[in-house]
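J.: What follows is protein30.txt; its format and atoms are compact mmCIF, C-alpha atoms.
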# COMPACT_ATOMS: atom_id res chain seq x y z
CA MET A 1 -16.95 -24.94 -25.00
CA THR A 2 -16.13 -24.37 -21.36
CA ASP A 3 -15.75 -20.62 -21.98
CA HIS A 4 -19.36 -20.44 -23.09
CA ARG A 5 -20.52 -22.46 -20.11
CA ASP A 6 -18.67 -20.10 -17.77
CA GLU A 7 -20.29 -17.11 -19.49
CA VAL A 8 -23.73 -18.68 -19.25
CA GLU A 9 -23.18 -19.51 -15.57
CA GLN A 10 -22.09 -15.93 -14.89
CA LEU A 11 -25.13 -14.56 -16.72
CA LEU A 12 -27.44 -16.88 -14.79
CA ALA A 13 -25.84 -15.87 -11.48
CA GLU A 14 -26.27 -12.19 -12.38
CA TYR A 15 -29.89 -12.83 -13.36
CA ARG A 16 -30.56 -14.56 -10.01
CA ARG A 17 -28.99 -11.65 -8.10
CA SER A 18 -31.13 -9.19 -10.07
CA ARG A 19 -34.29 -11.19 -9.34
CA GLU A 20 -33.45 -11.33 -5.64
CA GLN A 21 -32.86 -7.57 -5.61
CA LEU A 22 -36.15 -7.00 -7.44
CA ALA A 23 -38.02 -9.19 -4.95
CA ASP A 24 -36.44 -7.26 -2.07
CA VAL A 25 -37.41 -3.92 -3.66
CA GLN A 26 -40.99 -5.14 -4.18
CA GLN A 27 -41.25 -6.20 -0.53
CA GLN A 28 -39.92 -2.85 0.64
CA LEU A 29 -42.33 -0.96 -1.65
CA THR A 30 -45.24 -3.00 -0.33
CA ALA A 31 -44.25 -2.10 3.24
CA ILE A 32 -44.31 1.67 2.63
CA SER A 33 -47.26 3.44 4.21
CA GLU A 34 -47.47 7.19 4.81
CA SER A 35 -50.27 9.09 6.53
CA VAL A 36 -51.07 12.80 6.65
CA SER A 37 -53.71 14.35 8.91
CA SER A 38 -55.51 17.65 8.72
CA ASP A 39 -54.40 20.35 11.16
CA ASP A 40 -57.46 19.69 13.31
CA GLY A 41 -56.90 15.91 13.21
CA LEU A 42 -60.37 15.20 11.84
CA VAL A 43 -59.25 13.70 8.52
CA THR A 44 -56.33 11.32 7.86
CA ALA A 45 -55.29 9.89 4.49
CA THR A 46 -52.93 6.91 4.23
CA VAL A 47 -51.13 6.03 0.99
CA GLY A 48 -48.96 3.06 0.02
CA GLY A 49 -45.62 3.04 -1.78
CA ARG A 50 -47.24 2.94 -5.20
CA GLY A 51 -49.31 6.04 -4.50
CA VAL A 52 -52.59 4.23 -3.89
CA LEU A 53 -54.91 5.46 -1.15
CA THR A 54 -55.03 2.61 1.36
CA GLY A 55 -56.88 4.25 4.22
CA LEU A 56 -59.09 7.22 4.95
CA THR A 57 -60.25 8.16 8.43
CA ILE A 58 -62.90 10.83 8.86
CA ALA A 59 -63.96 11.73 12.39
CA ASP A 60 -67.67 12.32 12.96
CA ALA A 61 -66.93 15.95 13.87
CA ALA A 62 -65.55 16.51 10.35
CA TYR A 63 -69.09 16.31 8.95
CA GLU A 64 -70.09 19.19 11.22
CA ARG A 65 -66.97 21.27 10.60
CA TYR A 66 -66.68 20.95 6.81
CA ARG A 67 -69.16 21.42 4.02
CA PRO A 68 -69.12 18.53 1.51
CA ALA A 69 -66.92 20.33 -1.01
CA GLU A 70 -64.52 21.43 1.72
CA LEU A 71 -64.26 17.87 3.03
CA GLY A 72 -63.61 16.61 -0.49
CA ALA A 73 -60.89 19.24 -1.01
CA GLN A 74 -59.35 18.30 2.33
CA ILE A 75 -59.27 14.62 1.35
CA VAL A 76 -57.66 15.42 -2.01
CA ARG A 77 -55.04 17.67 -0.37
CA LEU A 78 -54.15 15.15 2.34
CA THR A 79 -53.99 12.29 -0.15
CA GLY A 80 -51.60 14.31 -2.33
CA ALA A 81 -49.37 15.12 0.64
CA ALA A 82 -49.32 11.47 1.77
CA THR A 83 -48.54 10.38 -1.80
CA ALA A 84 -45.58 12.77 -1.94
CA LYS A 85 -44.23 11.29 1.31
CA ALA A 86 -44.79 7.73 0.09
CA PHE A 87 -43.06 8.45 -3.24
CA ALA A 88 -40.09 9.94 -1.41
CA GLY A 89 -39.73 6.69 0.52
CA ALA A 90 -40.26 4.63 -2.61
CA SER A 91 -37.58 6.65 -4.42
CA GLU A 92 -35.06 5.75 -1.71
CA VAL A 93 -35.97 2.08 -2.08
CA LEU A 94 -35.79 2.12 -5.89
CA ALA A 95 -32.64 4.21 -6.37
CA PRO A 96 -30.10 1.41 -5.69
CA ALA A 97 -31.88 -0.91 -8.14
CA LEU A 98 -31.98 1.58 -11.03
CA PRO A 99 -29.32 2.59 -13.55
CA GLN A 100 -27.15 5.44 -12.24
CA ASP A 101 -28.77 8.41 -14.05
CA THR A 102 -32.40 7.30 -13.63
CA ASP A 103 -34.64 9.55 -11.53
CA PRO A 104 -36.68 7.20 -9.31
CA GLN A 105 -39.33 9.89 -8.65
CA ALA A 106 -39.87 10.44 -12.38
CA LEU A 107 -40.03 6.68 -12.90
CA LEU A 108 -42.70 6.34 -10.20
CA LEU A 109 -44.71 9.18 -11.73
CA GLY A 110 -44.45 7.63 -15.19
CA THR A 111 -42.70 10.72 -16.55
CA ALA A 112 -39.14 9.43 -16.80
CA ASP A 113 -38.54 10.37 -20.43
CA LEU A 114 -41.29 12.98 -21.00
CA THR A 115 -40.87 16.73 -21.28
CA ALA A 116 -42.83 19.19 -19.13
CA ASP A 117 -45.07 20.04 -22.13
CA GLU A 118 -45.95 16.37 -22.60
CA ILE A 119 -47.07 15.87 -19.00
CA THR A 120 -49.12 19.05 -18.47
CA PRO A 121 -52.80 18.08 -18.61
CA VAL A 122 -54.86 20.03 -21.10
CA GLY A 123 -58.03 21.69 -19.81
CA ARG A 124 -57.68 20.33 -16.29
CA GLU A 125 -59.26 22.33 -13.50
CA ARG A 126 -57.72 22.64 -10.07
CA ALA A 127 -59.47 21.04 -7.11
CA PRO A 128 -61.29 23.53 -4.86
CA ALA A 129 -59.35 24.63 -1.80
CA ALA A 130 -60.90 25.07 1.62
CA ASP A 131 -60.30 28.83 1.29
CA ASP A 132 -62.63 28.96 -1.72
CA PHE A 133 -65.67 28.68 0.55
CA GLY A 134 -66.91 31.64 2.58
CA ASP A 135 -68.41 31.21 6.02
CA ASP A 136 -71.62 32.98 5.04
CA GLU A 137 -72.33 30.91 1.94
CA SER A 138 -75.73 29.25 2.08
CA PHE A 139 -76.43 25.99 0.33
CA GLU A 140 -80.16 26.08 1.08
CA ASP A 141 -81.25 26.73 -2.50
CA ALA A 142 -78.28 25.08 -4.22
CA ASN A 143 -78.93 22.65 -7.05
CA TRP A 144 -76.50 19.75 -6.56
CA ILE A 145 -77.37 18.12 -9.89
CA ASP A 146 -75.61 19.36 -13.00
CA ASP A 147 -78.40 19.20 -15.53
CA SER A 148 -76.69 21.40 -18.13
CA GLU A 149 -76.02 18.42 -20.39
CA TRP A 150 -79.38 16.76 -19.99
CA GLN A 151 -81.57 16.84 -23.02
CA ARG A 152 -84.98 18.18 -22.20
CA SER A 153 -87.86 16.51 -23.95
CA ARG A 154 -91.35 17.93 -23.82
Write the structure described by the file as structure tokens, please.

T.:
Amino acid sequence: MTDHRDEVEQLLAEYRRSREQLADVQQQLTAISESVSSDDGLVTATVGGRGVLTGLTIADAAYERYRPAELGAQIVRLTGAATAKAFAGASEVLAPALPQDTDPQALLLGTADLTADEITPVGRERAPAADDFGDDESFEDANWIDDSEWQRSR
């Protein structure tokens, strides 16, 4: 009977250590914050350890420098770069708590046991890059509403 009690006590002690380690990892993940700014310093995106955008700073001059689509592309690019930095930090935090052959980056991305074919999005378009917009492009007569799917009734 005492052998079983010793085993149970050991299992409980191991469980408590695991919970303490998990709580420590969670605190460290919560503390991660990475920011990336545009080359001109007008836009800064900040992302937390779980890849969530936690801050976005846009200087007033950015509205004069960038067209709306360019600003949107800049935000997407900076957020992606900040996410990559945050995930790198999160991987370092997670690695000691994971089984030896587990890739922390793949775990964070939710792709740990998926093949490349399974994670490639079907029919997904790339976000526009700032280089996609010419300096001489005029938006004066542009229609900003996509009415191609609207049903016209007359």

J.: With all atoms listed in the file as the counted atoms, please give the residues lying no more than 10 Å from region 20-37 of chain A, apart from itself and same-chain residues fewer than 2 positions off, as a VMD selection string.

T.: chain A and resid 14 to 18 39 to 58 74 to 75 77 to 87 89 to 97

J.: Would you mind reading off the distance between CA of Leu107 (chain A) and CA of Ala88 (chain A), one decimal, in Å?

T.: 11.9 Å

J.: Please indicate the distance in Å from CA of Ala62 (chain A) to CA of Ser38 (chain A), rounded to one decimal place.

T.: 10.2 Å

J.: When you draw a straight line from CA of Leu108 (chain A) to CA of Ala73 (chain A), how long is it in Å?

T.: 24.1 Å

J.: Could you add the missing atoms to region 29-40 of chain A, up to N, CA, C and O atoms, and return them as a PDB file, in the frame of the given file?

T.:
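Listed below is the output, result_21.pdb:
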ATOM      1  N   LEU A  29     -41.291  -1.852  -1.129  1.00  0.00           N
ATOM      2  CA  LEU A  29     -42.330  -0.960  -1.650  1.00  0.00           C
ATOM      3  C   LEU A  29     -43.695  -1.278  -1.046  1.00  0.00           C
ATOM      4  O   LEU A  29     -44.467  -0.384  -0.706  1.00  0.00           O
ATOM      5  N   THR A  30     -43.966  -2.561  -0.907  1.00  0.00           N
ATOM      6  CA  THR A  30     -45.240  -3.000  -0.330  1.00  0.00           C
ATOM      7  C   THR A  30     -45.362  -2.554   1.127  1.00  0.00           C
ATOM      8  O   THR A  30     -46.458  -2.267   1.604  1.00  0.00           O
ATOM      9  N   ALA A  31     -44.242  -2.464   1.819  1.00  0.00           N
ATOM     10  CA  ALA A  31     -44.250  -2.100   3.240  1.00  0.00           C
ATOM     11  C   ALA A  31     -44.408  -0.597   3.483  1.00  0.00           C
ATOM     12  O   ALA A  31     -44.709  -0.181   4.599  1.00  0.00           O
ATOM     13  N   ILE A  32     -44.219   0.218   2.445  1.00  0.00           N
ATOM     14  CA  ILE A  32     -44.310   1.670   2.630  1.00  0.00           C
ATOM     15  C   ILE A  32     -45.758   2.079   2.872  1.00  0.00           C
ATOM     16  O   ILE A  32     -46.673   1.669   2.160  1.00  0.00           O
ATOM     17  N   SER A  33     -45.950   2.901   3.888  1.00  0.00           N
ATOM     18  CA  SER A  33     -47.260   3.440   4.210  1.00  0.00           C
ATOM     19  C   SER A  33     -47.051   4.800   4.873  1.00  0.00           C
ATOM     20  O   SER A  33     -46.343   4.900   5.874  1.00  0.00           O
ATOM     21  N   GLU A  34     -47.613   5.834   4.281  1.00  0.00           N
ATOM     22  CA  GLU A  34     -47.470   7.190   4.810  1.00  0.00           C
ATOM     23  C   GLU A  34     -48.848   7.793   5.042  1.00  0.00           C
ATOM     24  O   GLU A  34     -49.738   7.658   4.210  1.00  0.00           O
ATOM     25  N   SER A  35     -49.004   8.455   6.177  1.00  0.00           N
ATOM     26  CA  SER A  35     -50.270   9.090   6.530  1.00  0.00           C
ATOM     27  C   SER A  35     -50.060  10.575   6.763  1.00  0.00           C
ATOM     28  O   SER A  35     -49.014  10.990   7.271  1.00  0.00           O
ATOM     29  N   VAL A  36     -51.061  11.362   6.386  1.00  0.00           N
ATOM     30  CA  VAL A  36     -51.070  12.800   6.650  1.00  0.00           C
ATOM     31  C   VAL A  36     -52.445  13.141   7.195  1.00  0.00           C
ATOM     32  O   VAL A  36     -53.459  12.683   6.661  1.00  0.00           O
ATOM     33  N   SER A  37     -52.453  13.947   8.276  1.00  0.00           N
ATOM     34  CA  SER A  37     -53.710  14.350   8.910  1.00  0.00           C
ATOM     35  C   SER A  37     -53.928  15.841   8.738  1.00  0.00           C
ATOM     36  O   SER A  37     -52.970  16.617   8.629  1.00  0.00           O
ATOM     37  N   SER A  38     -55.182  16.237   8.756  1.00  0.00           N
ATOM     38  CA  SER A  38     -55.510  17.650   8.720  1.00  0.00           C
ATOM     39  C   SER A  38     -55.028  18.307  10.007  1.00  0.00           C
ATOM     40  O   SER A  38     -54.773  17.630  11.008  1.00  0.00           O
ATOM     41  N   ASP A  39     -54.888  19.620   9.984  1.00  0.00           N
ATOM     42  CA  ASP A  39     -54.400  20.350  11.160  1.00  0.00           C
ATOM     43  C   ASP A  39     -55.260  20.088  12.392  1.00  0.00           C
ATOM     44  O   ASP A  39     -54.756  20.028  13.508  1.00  0.00           O
ATOM     45  N   ASP A  40     -56.561  19.916  12.180  1.00  0.00           N
ATOM     46  CA  ASP A  40     -57.460  19.690  13.310  1.00  0.00           C
ATOM     47  C   ASP A  40     -57.573  18.213  13.687  1.00  0.00           C
ATOM     48  O   ASP A  40     -58.251  17.851  14.642  1.00  0.00           O
TER      49      ASP A  40
END
